[in-house]
Amino acid sequence: MSIRREGPVTERLLRLLRDHHGPDPAHTGPLDGPIAPHSTLTRRQAVGLFESAIQSRLQDLLSRELKDKGISYYTIGSSGHEANAIFGELLETTDTAFLHYRSGAFMAARARKGRGETPFFDAMLSFCASAEDPVSGGRHKVLGSPRLHVPPQTSTIASHLPKAVGFAMAMRRLKRLGIEPSSGVPVDSIVYCSFGDASVSHATAQAGFHAATAAVLHSQPCPILFACEDNGIGISVHTPSDFVARVLQNRPGIRYFPCDSQDFPGVWVTAQAAIDYVRTHRRPAFVHTKTVRLMGHAGSDLEANYMPLEQIEQNERLDPLLAFADLLLKSAAIGKQDLLALYRDTDERLRRAAAEAATRRKLTTVAEIVEPLVRPGPFASELKVADEATRLKVFGGKLPEHDPRPRHLAFRIPQALTDLLAAYPNAFVFGEDVARKGGVYHATAGLFDTFGAGRVFNTILDETAILGLAQGMAQAGCLSFPEIQYLAYIHNAIDQIRGEAASLQYFSTGPGEPGQPAHVPSYSNPMVVRIAGLAYQKGFGGHFHNDNSVGALLDIPGIVLGVPTRADEAVLMLRAMTAAAATHGKVCLCLEPIALYMQKDLHQPNDGLWQFPYPPPHEVMGLGEGRIYEPGDDDQLTIVTFGNGLWMSLRVQRRLRERGIHARVFDLRWLLPMPIDEIKQHVQATGRCLVVDECRYTHGGPSPMILTELCQDPELAGCVLRRVASVDTYVPLAAAANLVLVQEHDIEQAALSICEERVR
Amino acid sequence: MTKPTAVLLCPGRGSYGRDELGFLARTVRPGPVAEALRACDAARRSSSRPALSEIDGAPTFRPGLHLDGENAAELIYFGTMAHVEHLRERYEILAVAGNSLGWYTALPASGALDATNGWRLVATMAALQKQVAGGQVLTTTVGDDWQPNAALQVAVQATVHALQERGSEYYCNPSIRLGGHEVLAGTERAVAELLTRLPKVKVGERDFPFRLAGHGPFHTRLCAGTAAQATAMFADLPVAMPSCHLIDGFGNVHSPWSADPRELLHYTTHAQVLETFDFSACVRTAMREFQPDVLLCAGPGTSLRAPVGHCVLREGWRGVHDKQRLFDARLIATE
């Protein structure tokens, strides 16, 4: 037997084309008449579909040939899934499509509906990882096109479902506000989201289905068409034949439509019915298409290693293109010689396109690879501020900057958000308990009353769904302000930031159209994710509400991560993040220390020194700029810290001074981008550095990276460097928490200790 | 010996000039094109107009005669059709496209119409469009080296935009995207303003911008009446499926196996008349999707050579980024 199956699959199809008996009078009819009695698909349309399908099939085959020659770099294909061309044909090009990676035929069909699209060449540029690949600029093989409203996806783990639902739900919210989606799609468009049977088991898929169901049960429109292409296998693991149907056919709120790719005319009718249902009722539908996977999961996957030959050959007999080609010939939609000519012509065109694409430029420098991830400079973003009349209205007649009383963090955050919602009409605040309740810590207090349920709303209790909603809404043209109730909860949904939101610009920065600026991302999902987090809560203990690890966020390329500690700086930081998101499409995370939300005092009870005035409305914090407290020429030590560490360190600073030790305290404020150069300047000035990191010792916070940077700088070779951090454990309940978290005493002792050491 | 592959590009108006006098006499040979030409001559004589063969055979080039809209359109149509018969012997044609009027020629050149109906289409459209007030202005956004000049691009866009802001009297819009050249079309007032306001540029021996003599405001909404009349008049035009790929003025491909003649007809009498004709997109599609050995510019004339060259350089096709290498690489054939 042949281990690689490209040959047998191709030969079976070509044999059918060569040996076919030709038209069967029982099936023939006019070119513009239905090809089968149970379908509206005409013979002519069917030939067009076959062109898309065969393009996809031959792309797969060619990509494997090119891979063998070291020219192509991606072989996960669409063979067996070519019926998705039907959705490409039937949907409007303005129906945003979040695609499964086996969607080559869908893309080919949709490109035929565009203007001046060059799908043969684009596919080859993508396979060859050329920097001229119009979608990702050679960074990944993705299916995507802004003109065709296909956001770039890799979608290996169904991670695109939540945002597809979010996009669908954004339509109504934008429509209500009279805002045209910036993505250029009409508000009455629908969303298409495809995936495989194995993906149905992913938690993210379930989150997507659940969010759609919840929308229906809350009487909210959610016009999304889920399309499951069920090939019965995920890599080497079989999916029970009735699994998808049993899991989804009776799901509340989601209409189920089954079909089988052995019957293209039948899929056509089912697809049209499902599209009509979603478009008319603005409700979700689930199309379940039975199919087979041909030639393994990818070029490197030899099915013979885990599947008996009889099963492989049985699947190959069920190649949907065999049944479809047979129907085309039987019905005289096209003659045998013409079909062979079509096949050869497509193959030759793809080969010629590949030969040219292989010569096109590759990514050759780190700078161009990381370009989409570069964070904007400190003042590269422009903040919008609402006019005074609007501000007076939303602030109830009294502007916060005119209030002479200093206030605490949880008081200023809702004020900052009020200003931002007033300035950005496409901004939305959402999350668990953020609406009437105003957030569990009152950080969104009053927003619901001021801006209404259209712009400030509660979501279901699922962080994956919240962040999916944030991405989908942002892609549609909103500025998303999702709230994650506790830091621990973001870990349940971290891939929505790591794998999806943060990577979108990376996968969608191509070379630009001729005459257009190069390297502008074609997609972005601007958002400011507010996360209540970190430890030291008094009276509310336990790990989940005191999570003190940001390790999982620190290594995400391209995101902005800030930790505001003071009421005034929270306002300035939220403004900076909002401007970065709105101007540059950045994904920004604002980690708000829960323990400082209500903190009013610094050194003494009732001193009120941790309350601050509202900054003037145009003032913004520089992105990636830290803040130094009380520097002096005779300082012996720099304490570098952030979050709760700042509050503690400032208290220690005073006590050290009483002992004659002069220390300056540097607040990082931004963990990404980190103000490392500023740190170095201060450390060089003082000769000693203590990093106070409230996160877990080993990989929980920024201190290991800071010390590494300082150690590697020859200018700081003689400096004394130390850090204190919390213990590598989950935070226990009650006073036991103080045993594992950094305490003021630890900071003070460490400071005294290193000040006794000599700077070389 | 295998023939080189080519995408055939049919020229539009402005391609029959002084040097093309006698092109029909030299090129037309017995066959369907000659028969259609005879029918054309006969029809012209019966309506007391000079026969096309006579115009082609005139001893001197007379702009008033040869550049008259109807005469020019038919001269170019028959010239191209005759030339294509010769070119087919030397090239394997993978796909056919055309510039503006060249689209009408592309239909019969690809087999989607017969030569006589192609002539009927060309002649009728020329007559209908002659009635539309307004005109076309040709300007450029490339320099002598055929590289794009961003400042010129911005200036042209700004000029058009400024006129569009002034209301319908000054209506103008891009008419043809012609490589590094830009054909703009609009009302008489708009044309006058364009000629005054567009940047003055000299490329080679030519001074830009200039008005295209005898041209109407083609490919703009000013031709809405033409579109309506053409739709009614050509409801029965026997458009068939092409026998090779056909690339339209959006750069879209119509395949010989699935093209819809109704769609081709609708495009021909509607979008093609009313919307910007993107010849640059045609050439881009030709290069990217067909990768022929050459881009074959049919006669008469060589008017497409420069615009096609601009497109090749912009694409960096076959690694060619500069004008000198373009000529050395022989990627464009004009015969």
# chains A, B, ... in the order shown; residues from 1 in each chain; ligands from 1
>>> interface_residues(of="chain A", to="chain B", cutoff="6 Å", atoms="only C-alpha atoms", output="list in words")
Arg44, Val47, Gly48, Arg115, Gly116, Phe120, Phe121, Arg349 and Arg352 of chain A
>>> write_last_selection(atoms="C-alpha atoms", output="PDB file, in the first residue's frame")
ATOM      1  CA  ARG A  44     -23.723  26.469 -13.795  1.00  0.00           C
ATOM      2  CA  VAL A  47     -19.426  24.124 -11.917  1.00  0.00           C
ATOM      3  CA  GLY A  48     -18.411  27.361 -10.226  1.00  0.00           C
ATOM      4  CA  ARG A 115     -13.330  42.571  -6.707  1.00  0.00           C
ATOM      5  CA  GLY A 116      -9.921  42.035  -8.222  1.00  0.00           C
ATOM      6  CA  PHE A 120      -4.338  31.659  -6.409  1.00  0.00           C
ATOM      7  CA  PHE A 121      -1.343  33.880  -5.883  1.00  0.00           C
ATOM      8  CA  ARG A 349      -2.162  28.128 -12.787  1.00  0.00           C
ATOM      9  CA  ARG A 352       2.889  28.987 -12.053  1.00  0.00           C
TER      10      ARG A 352
END
>>> residues_around(residues="segment 488-497 of chain A", least_positions_apart="6", cutoff="6 Å", atoms="only C-alpha atoms", output="ChimeraX atom specification")
/A:463-464,544,547
>>> write_last_selection(atoms="C-alpha atoms", output="CSV table (one decimal), in the first residue's frame")
chain,number,residue,atom,x,y,z
A,463,GLU,CA,-14.3,35.0,31.5
A,464,THR,CA,-13.8,33.3,28.2
A,544,PHE,CA,-8.9,33.1,44.4
A,547,ASP,CA,-4.1,35.9,43.4
>>> residues_around(residues="Leu37 of chain B", least_positions_apart="5", cutoff="9 Å", atoms="only C-alpha atoms", output="list of chain:residue names")
B:Val28, B:Pro32, B:Ala42, B:Leu52, B:Ser53, B:Phe78, B:Ala115, B:Thr116, B:Trp119
>>> write_last_selection(atoms="N, CA and C atoms", output="tab-separated table (two decimals), in the first residue's frame")
chain	number	residue	atom	x	y	z
B	28	VAL	N	-6.18	42.86	-41.55
B	28	VAL	CA	-7.38	42.04	-41.73
B	28	VAL	C	-7.17	41.01	-42.83
B	32	PRO	N	-13.97	35.63	-40.28
B	32	PRO	CA	-15.12	36.28	-39.62
B	32	PRO	C	-14.92	37.77	-39.37
B	42	ALA	N	-20.62	48.30	-45.19
B	42	ALA	CA	-21.89	48.38	-45.90
B	42	ALA	C	-22.89	49.23	-45.11
B	52	LEU	N	-15.34	52.27	-43.00
B	52	LEU	CA	-14.18	52.19	-42.11
B	52	LEU	C	-12.91	51.91	-42.92
B	53	SER	N	-13.03	51.05	-43.93
B	53	SER	CA	-11.87	50.73	-44.77
B	53	SER	C	-11.35	51.99	-45.45
B	78	PHE	N	-11.89	46.71	-34.90
B	78	PHE	CA	-11.54	45.80	-36.00
B	78	PHE	C	-10.03	45.57	-36.08
B	115	ALA	N	-17.84	38.10	-33.95
B	115	ALA	CA	-17.21	39.36	-34.37
B	115	ALA	C	-18.25	40.40	-34.78
B	116	THR	N	-19.32	39.94	-35.41
B	116	THR	CA	-20.32	40.90	-35.87
B	116	THR	C	-21.07	41.52	-34.69
B	119	TRP	N	-18.90	44.03	-33.01
B	119	TRP	CA	-18.93	45.33	-33.72
B	119	TRP	C	-20.21	46.09	-33.37
>>> residues_around(residues="Leu417 of chain A", least_positions_apart="2", cutoff="8 Å", atoms="only C-alpha atoms", output="list in words")
Ile413, Pro414, Gln415, Asp419, Leu420, Leu421, Thr444, Leu447 and Leu574 of chain A
>>> write_last_selection(atoms="N, CA and C atoms", output="PDB file, in the first residue's frame")
ATOM      1  N   ILE A 413     -11.777  55.627  39.792  1.00  0.00           N
ATOM      2  CA  ILE A 413     -11.863  54.770  38.588  1.00  0.00           C
ATOM      3  C   ILE A 413     -13.199  54.963  37.860  1.00  0.00           C
ATOM      4  N   PRO A 414     -14.326  54.927  38.550  1.00  0.00           N
ATOM      5  CA  PRO A 414     -15.571  55.175  37.823  1.00  0.00           C
ATOM      6  C   PRO A 414     -15.622  56.563  37.189  1.00  0.00           C
ATOM      7  N   GLN A 415     -14.973  57.539  37.838  1.00  0.00           N
ATOM      8  CA  GLN A 415     -14.939  58.880  37.242  1.00  0.00           C
ATOM      9  C   GLN A 415     -14.126  58.870  35.946  1.00  0.00           C
ATOM     10  N   ASP A 419     -15.545  59.709  32.117  1.00  0.00           N
ATOM     11  CA  ASP A 419     -14.948  60.616  31.127  1.00  0.00           C
ATOM     12  C   ASP A 419     -14.688  59.886  29.812  1.00  0.00           C
ATOM     13  N   LEU A 420     -14.188  58.669  29.911  1.00  0.00           N
ATOM     14  CA  LEU A 420     -13.825  57.928  28.692  1.00  0.00           C
ATOM     15  C   LEU A 420     -15.069  57.498  27.916  1.00  0.00           C
ATOM     16  N   LEU A 421     -16.095  57.074  28.608  1.00  0.00           N
ATOM     17  CA  LEU A 421     -17.343  56.706  27.923  1.00  0.00           C
ATOM     18  C   LEU A 421     -17.963  57.928  27.242  1.00  0.00           C
ATOM     19  N   THR A 444     -17.178  50.431  39.037  1.00  0.00           N
ATOM     20  CA  THR A 444     -17.983  50.903  37.903  1.00  0.00           C
ATOM     21  C   THR A 444     -19.260  51.584  38.407  1.00  0.00           C
ATOM     22  N   LEU A 447     -21.958  54.132  36.474  1.00  0.00           N
ATOM     23  CA  LEU A 447     -21.852  54.132  35.004  1.00  0.00           C
ATOM     24  C   LEU A 447     -23.158  53.678  34.355  1.00  0.00           C
ATOM     25  N   LEU A 574      -5.595  54.849  32.880  1.00  0.00           N
ATOM     26  CA  LEU A 574      -6.728  54.412  32.044  1.00  0.00           C
ATOM     27  C   LEU A 574      -6.831  55.275  30.787  1.00  0.00           C
TER      28      LEU A 574
END
>>> residues_around(residues="Glu20 of chain B", least_positions_apart="6", cutoff="10 Å", atoms="only C-alpha atoms", output="compact mmCIF listing (two decimals) with C-alpha atoms, in the first residue's frame")
# COMPACT_ATOMS: atom_id res chain seq x y z
CA ARG B 26 -2.37 45.44 -43.40
CA ASP B 56 -8.24 53.44 -42.56
CA PHE B 61 -4.30 61.20 -40.55
CA LEU B 75 -11.17 51.28 -36.16
CA ILE B 76 -9.69 50.06 -32.93
CA GLY B 79 -7.84 46.46 -35.77
CA GLY B 299 -2.69 46.51 -31.64
CA PRO B 300 -3.46 48.82 -33.11
CA GLY B 301 -0.80 51.01 -31.57
CA THR B 302 1.20 50.54 -28.41
>>> residues_around(residues="Ala735 of chain A", least_positions_apart="4", cutoff="12 Å", atoms="only C-alpha atoms", output="ChimeraX atom specification")
/A:536-542,731,739-741
>>> write_last_selection(atoms="C-alpha atoms", output="PDB file, in the first residue's frame")
ATOM      1  CA  TYR A 536      -3.422  41.876  50.882  1.00  0.00           C
ATOM      2  CA  GLN A 537      -7.200  42.116  51.129  1.00  0.00           C
ATOM      3  CA  LYS A 538      -8.192  42.493  54.736  1.00  0.00           C
ATOM      4  CA  GLY A 539     -11.151  40.413  55.753  1.00  0.00           C
ATOM      5  CA  PHE A 540     -11.549  38.606  52.464  1.00  0.00           C
ATOM      6  CA  GLY A 541      -8.954  35.971  52.120  1.00  0.00           C
ATOM      7  CA  GLY A 542      -8.053  32.917  50.172  1.00  0.00           C
ATOM      8  CA  VAL A 731      -2.308  32.545  49.300  1.00  0.00           C
ATOM      9  CA  LEU A 739       3.403  34.534  56.329  1.00  0.00           C
ATOM     10  CA  VAL A 740       3.723  34.107  52.569  1.00  0.00           C
ATOM     11  CA  LEU A 741       3.242  37.622  51.258  1.00  0.00           C
TER      12      LEU A 741
END
>>> residues_around(residues="Gly216 of chain B", least_positions_apart="5", cutoff="9 Å", atoms="only C-alpha atoms", output="list in words")
Gly69, Gln129, Lys130, Gln131, Val132, Ala133, Gly134, Gly135, Gln136, Ala185, Gly186 and Cys223 of chain B
>>> select_by_dssp(residues="segment 534-697 of chain A", states="helix (DSSP H, G or I)", output="mmCIF file with N, CA and C atoms, in the first residue's frame")
data_model
loop_
_atom_site.group_PDB
_atom_site.id
_atom_site.type_symbol
_atom_site.label_atom_id
_atom_site.label_comp_id
_atom_site.auth_asym_id
_atom_site.auth_seq_id
_atom_site.Cartn_x
_atom_site.Cartn_y
_atom_site.Cartn_z
ATOM 1 N N HIS A 543 -7.009 32.217 48.215
ATOM 2 C CA HIS A 543 -6.243 32.381 46.986
ATOM 3 C C HIS A 543 -7.007 33.080 45.870
ATOM 4 N N PHE A 544 -8.246 32.631 45.592
ATOM 5 C CA PHE A 544 -8.899 33.119 44.372
ATOM 6 C C PHE A 544 -9.152 34.621 44.389
ATOM 7 N N HIS A 545 -9.258 35.180 45.566
ATOM 8 C CA HIS A 545 -9.497 36.614 45.634
ATOM 9 C C HIS A 545 -8.237 37.394 45.964
ATOM 10 N N GLY A 551 2.691 36.153 36.159
ATOM 11 C CA GLY A 551 3.642 35.490 35.262
ATOM 12 C C GLY A 551 3.036 35.134 33.921
ATOM 13 N N ALA A 552 1.770 34.729 33.950
ATOM 14 C CA ALA A 552 1.133 34.300 32.702
ATOM 15 C C ALA A 552 0.830 35.465 31.771
ATOM 16 N N LEU A 553 0.932 36.683 32.301
ATOM 17 C CA LEU A 553 0.682 37.853 31.456
ATOM 18 C C LEU A 553 1.981 38.477 30.943
ATOM 19 N N LEU A 554 3.040 38.335 31.749
ATOM 20 C CA LEU A 554 4.271 39.078 31.451
ATOM 21 C C LEU A 554 4.936 38.654 30.152
ATOM 22 N N ALA A 567 -5.086 56.901 43.225
ATOM 23 C CA ALA A 567 -6.344 57.270 42.584
ATOM 24 C C ALA A 567 -6.124 58.151 41.363
ATOM 25 N N ASP A 568 -5.233 59.140 41.491
ATOM 26 C CA ASP A 568 -5.020 60.046 40.355
ATOM 27 C C ASP A 568 -4.325 59.332 39.202
ATOM 28 N N GLU A 569 -3.394 58.444 39.561
ATOM 29 C CA GLU A 569 -2.653 57.763 38.499
ATOM 30 C C GLU A 569 -3.506 56.703 37.805
ATOM 31 N N ALA A 570 -4.479 56.156 38.509
ATOM 32 C CA ALA A 570 -5.394 55.219 37.849
ATOM 33 C C ALA A 570 -6.127 55.932 36.719
ATOM 34 N N VAL A 571 -6.498 57.176 36.977
ATOM 35 C CA VAL A 571 -7.193 57.962 35.956
ATOM 36 C C VAL A 571 -6.266 58.196 34.764
ATOM 37 N N LEU A 572 -5.050 58.620 35.076
ATOM 38 C CA LEU A 572 -4.097 58.918 33.997
ATOM 39 C C LEU A 572 -3.723 57.660 33.221
ATOM 40 N N MET A 573 -3.622 56.550 33.933
ATOM 41 C CA MET A 573 -3.243 55.303 33.275
ATOM 42 C C MET A 573 -4.369 54.789 32.387
ATOM 43 N N LEU A 574 -5.595 54.849 32.880
ATOM 44 C CA LEU A 574 -6.728 54.412 32.044
ATOM 45 C C LEU A 574 -6.831 55.275 30.787
ATOM 46 N N ARG A 575 -6.535 56.548 30.929
ATOM 47 C CA ARG A 575 -6.560 57.416 29.736
ATOM 48 C C ARG A 575 -5.469 56.997 28.742
ATOM 49 N N ALA A 576 -4.277 56.729 29.274
ATOM 50 C CA ALA A 576 -3.171 56.332 28.382
ATOM 51 C C ALA A 576 -3.515 55.031 27.663
ATOM 52 N N MET A 577 -4.084 54.106 28.403
ATOM 53 C CA MET A 577 -4.445 52.819 27.798
ATOM 54 C C MET A 577 -5.537 53.000 26.750
ATOM 55 N N THR A 578 -6.503 53.811 27.077
ATOM 56 C CA THR A 578 -7.600 54.039 26.141
ATOM 57 C C THR A 578 -7.082 54.653 24.844
ATOM 58 N N ALA A 579 -6.185 55.627 25.001
ATOM 59 C CA ALA A 579 -5.633 56.264 23.803
ATOM 60 C C ALA A 579 -4.814 55.267 22.994
ATOM 61 N N ALA A 580 -4.040 54.414 23.673
ATOM 62 C CA ALA A 580 -3.223 53.421 22.959
ATOM 63 C C ALA A 580 -4.124 52.419 22.241
ATOM 64 N N ALA A 581 -5.219 52.053 22.887
ATOM 65 C CA ALA A 581 -6.144 51.105 22.261
ATOM 66 C C ALA A 581 -6.835 51.753 21.064
ATOM 67 N N ALA A 582 -7.326 52.981 21.290
ATOM 68 C CA ALA A 582 -8.092 53.634 20.221
ATOM 69 C C ALA A 582 -7.201 54.023 19.049
ATOM 70 N N THR A 583 -5.982 54.473 19.332
ATOM 71 C CA THR A 583 -5.100 54.936 18.259
ATOM 72 C C THR A 583 -4.371 53.791 17.586
ATOM 73 N N HIS A 584 -3.916 52.834 18.375
ATOM 74 C CA HIS A 584 -3.045 51.790 17.829
ATOM 75 C C HIS A 584 -3.656 50.391 17.896
ATOM 76 N N ILE A 594 -6.726 45.320 44.534
ATOM 77 C CA ILE A 594 -7.985 45.352 45.297
ATOM 78 C C ILE A 594 -7.757 45.973 46.673
ATOM 79 N N ALA A 595 -6.633 45.622 47.287
ATOM 80 C CA ALA A 595 -6.398 46.065 48.664
ATOM 81 C C ALA A 595 -6.252 47.581 48.758
ATOM 82 N N LEU A 596 -5.978 48.210 47.611
ATOM 83 C CA LEU A 596 -5.812 49.676 47.637
ATOM 84 C C LEU A 596 -7.060 50.423 47.175
ATOM 85 N N TYR A 597 -8.060 49.675 46.705
ATOM 86 C CA TYR A 597 -9.284 50.331 46.208
ATOM 87 C C TYR A 597 -9.828 51.342 47.222
ATOM 88 N N ASN A 644 0.810 47.050 45.565
ATOM 89 C CA ASN A 644 0.811 47.145 47.023
ATOM 90 C C ASN A 644 2.221 47.404 47.544
ATOM 91 N N GLY A 645 3.202 46.924 46.781
ATOM 92 C CA GLY A 645 4.598 47.134 47.168
ATOM 93 C C GLY A 645 4.932 48.611 47.269
ATOM 94 N N LEU A 646 4.310 49.440 46.454
ATOM 95 C CA LEU A 646 4.587 50.875 46.495
ATOM 96 C C LEU A 646 4.095 51.450 47.822
ATOM 97 N N TRP A 647 2.861 51.095 48.139
ATOM 98 C CA TRP A 647 2.278 51.642 49.380
ATOM 99 C C TRP A 647 3.134 51.244 50.580
ATOM 100 N N MET A 648 3.549 49.985 50.620
ATOM 101 C CA MET A 648 4.381 49.515 51.736
ATOM 102 C C MET A 648 5.757 50.184 51.697
ATOM 103 N N SER A 649 6.323 50.290 50.518
ATOM 104 C CA SER A 649 7.682 50.825 50.393
ATOM 105 C C SER A 649 7.744 52.293 50.796
ATOM 106 N N LEU A 650 6.690 53.036 50.498
ATOM 107 C CA LEU A 650 6.686 54.450 50.892
ATOM 108 C C LEU A 650 6.651 54.580 52.417
ATOM 109 N N ARG A 651 5.960 53.662 53.028
ATOM 110 C CA ARG A 651 5.943 53.669 54.504
ATOM 111 C C ARG A 651 7.338 53.294 55.047
ATOM 112 N N VAL A 652 7.943 52.316 54.434
ATOM 113 C CA VAL A 652 9.280 51.897 54.861
ATOM 114 C C VAL A 652 10.285 53.032 54.605
ATOM 115 N N GLN A 653 10.101 53.699 53.471
ATOM 116 C CA GLN A 653 11.017 54.801 53.121
ATOM 117 C C GLN A 653 11.105 55.805 54.262
ATOM 118 N N ARG A 654 9.925 56.132 54.842
ATOM 119 C CA ARG A 654 9.922 57.112 55.930
ATOM 120 C C ARG A 654 10.650 56.552 57.167
ATOM 121 N N ARG A 655 10.403 55.270 57.447
ATOM 122 C CA ARG A 655 11.032 54.692 58.638
ATOM 123 C C ARG A 655 12.554 54.600 58.462
ATOM 124 N N LEU A 656 12.970 54.298 57.226
ATOM 125 C CA LEU A 656 14.417 54.246 56.967
ATOM 126 C C LEU A 656 15.041 55.621 57.166
ATOM 127 N N ARG A 657 14.334 56.622 56.725
ATOM 128 C CA ARG A 657 14.849 57.987 56.848
ATOM 129 C C ARG A 657 15.035 58.350 58.321
ATOM 130 N N GLU A 658 14.063 57.875 59.139
ATOM 131 C CA GLU A 658 14.184 58.136 60.575
ATOM 132 C C GLU A 658 15.439 57.478 61.138
ATOM 133 N N ILE A 676 12.619 50.095 32.116
ATOM 134 C CA ILE A 676 13.882 49.527 32.594
ATOM 135 C C ILE A 676 15.019 50.549 32.553
ATOM 136 N N ASP A 677 14.999 51.443 31.561
ATOM 137 C CA ASP A 677 16.084 52.434 31.492
ATOM 138 C C ASP A 677 16.015 53.397 32.668
ATOM 139 N N GLU A 678 14.805 53.756 33.032
ATOM 140 C CA GLU A 678 14.658 54.642 34.200
ATOM 141 C C GLU A 678 15.198 53.960 35.455
ATOM 142 N N ILE A 679 14.881 52.680 35.600
ATOM 143 C CA ILE A 679 15.362 51.941 36.772
ATOM 144 C C ILE A 679 16.892 51.996 36.819
ATOM 145 N N LYS A 680 17.471 51.745 35.666
ATOM 146 C CA LYS A 680 18.943 51.697 35.617
ATOM 147 C C LYS A 680 19.563 53.035 36.030
ATOM 148 N N GLN A 681 18.938 54.114 35.607
ATOM 149 C CA GLN A 681 19.474 55.439 35.967
ATOM 150 C C GLN A 681 19.483 55.630 37.483
ATOM 151 N N HIS A 682 18.377 55.225 38.097
ATOM 152 C CA HIS A 682 18.285 55.414 39.555
ATOM 153 C C HIS A 682 19.241 54.489 40.284
ATOM 154 N N VAL A 683 19.361 53.274 39.798
ATOM 155 C CA VAL A 683 20.257 52.316 40.462
ATOM 156 C C VAL A 683 21.703 52.799 40.324
ATOM 157 N N GLN A 684 22.017 53.338 39.162
ATOM 158 C CA GLN A 684 23.370 53.855 38.974
ATOM 159 C C GLN A 684 23.643 55.012 39.928
ATOM 160 N N ALA A 685 22.619 55.811 40.169
ATOM 161 C CA ALA A 685 22.785 56.976 41.051
ATOM 162 C C ALA A 685 22.957 56.566 42.513
ATOM 163 N N THR A 686 22.319 55.471 42.921
ATOM 164 C CA THR A 686 22.340 55.106 44.340
ATOM 165 C C THR A 686 23.279 53.940 44.641
#
>>> decode(residues="segment 482-493 of chain A", atoms="C-alpha atoms", output="compact mmCIF listing (two decimals), in the first residue's frame")
# COMPACT_ATOMS: atom_id res chain seq x y z
CA PRO A 482 -14.31 44.36 29.88
CA GLU A 483 -13.88 43.80 33.59
CA ILE A 484 -12.41 40.58 34.98
CA GLN A 485 -13.61 40.33 38.53
CA TYR A 486 -10.47 38.75 39.99
CA LEU A 487 -6.99 38.12 38.66
CA ALA A 488 -7.37 34.38 39.32
CA TYR A 489 -10.27 34.28 36.91
CA ILE A 490 -8.31 35.54 33.93
CA HIS A 491 -6.25 32.38 34.10
CA ASN A 492 -9.37 30.46 33.24
CA ALA A 493 -9.55 32.41 29.98
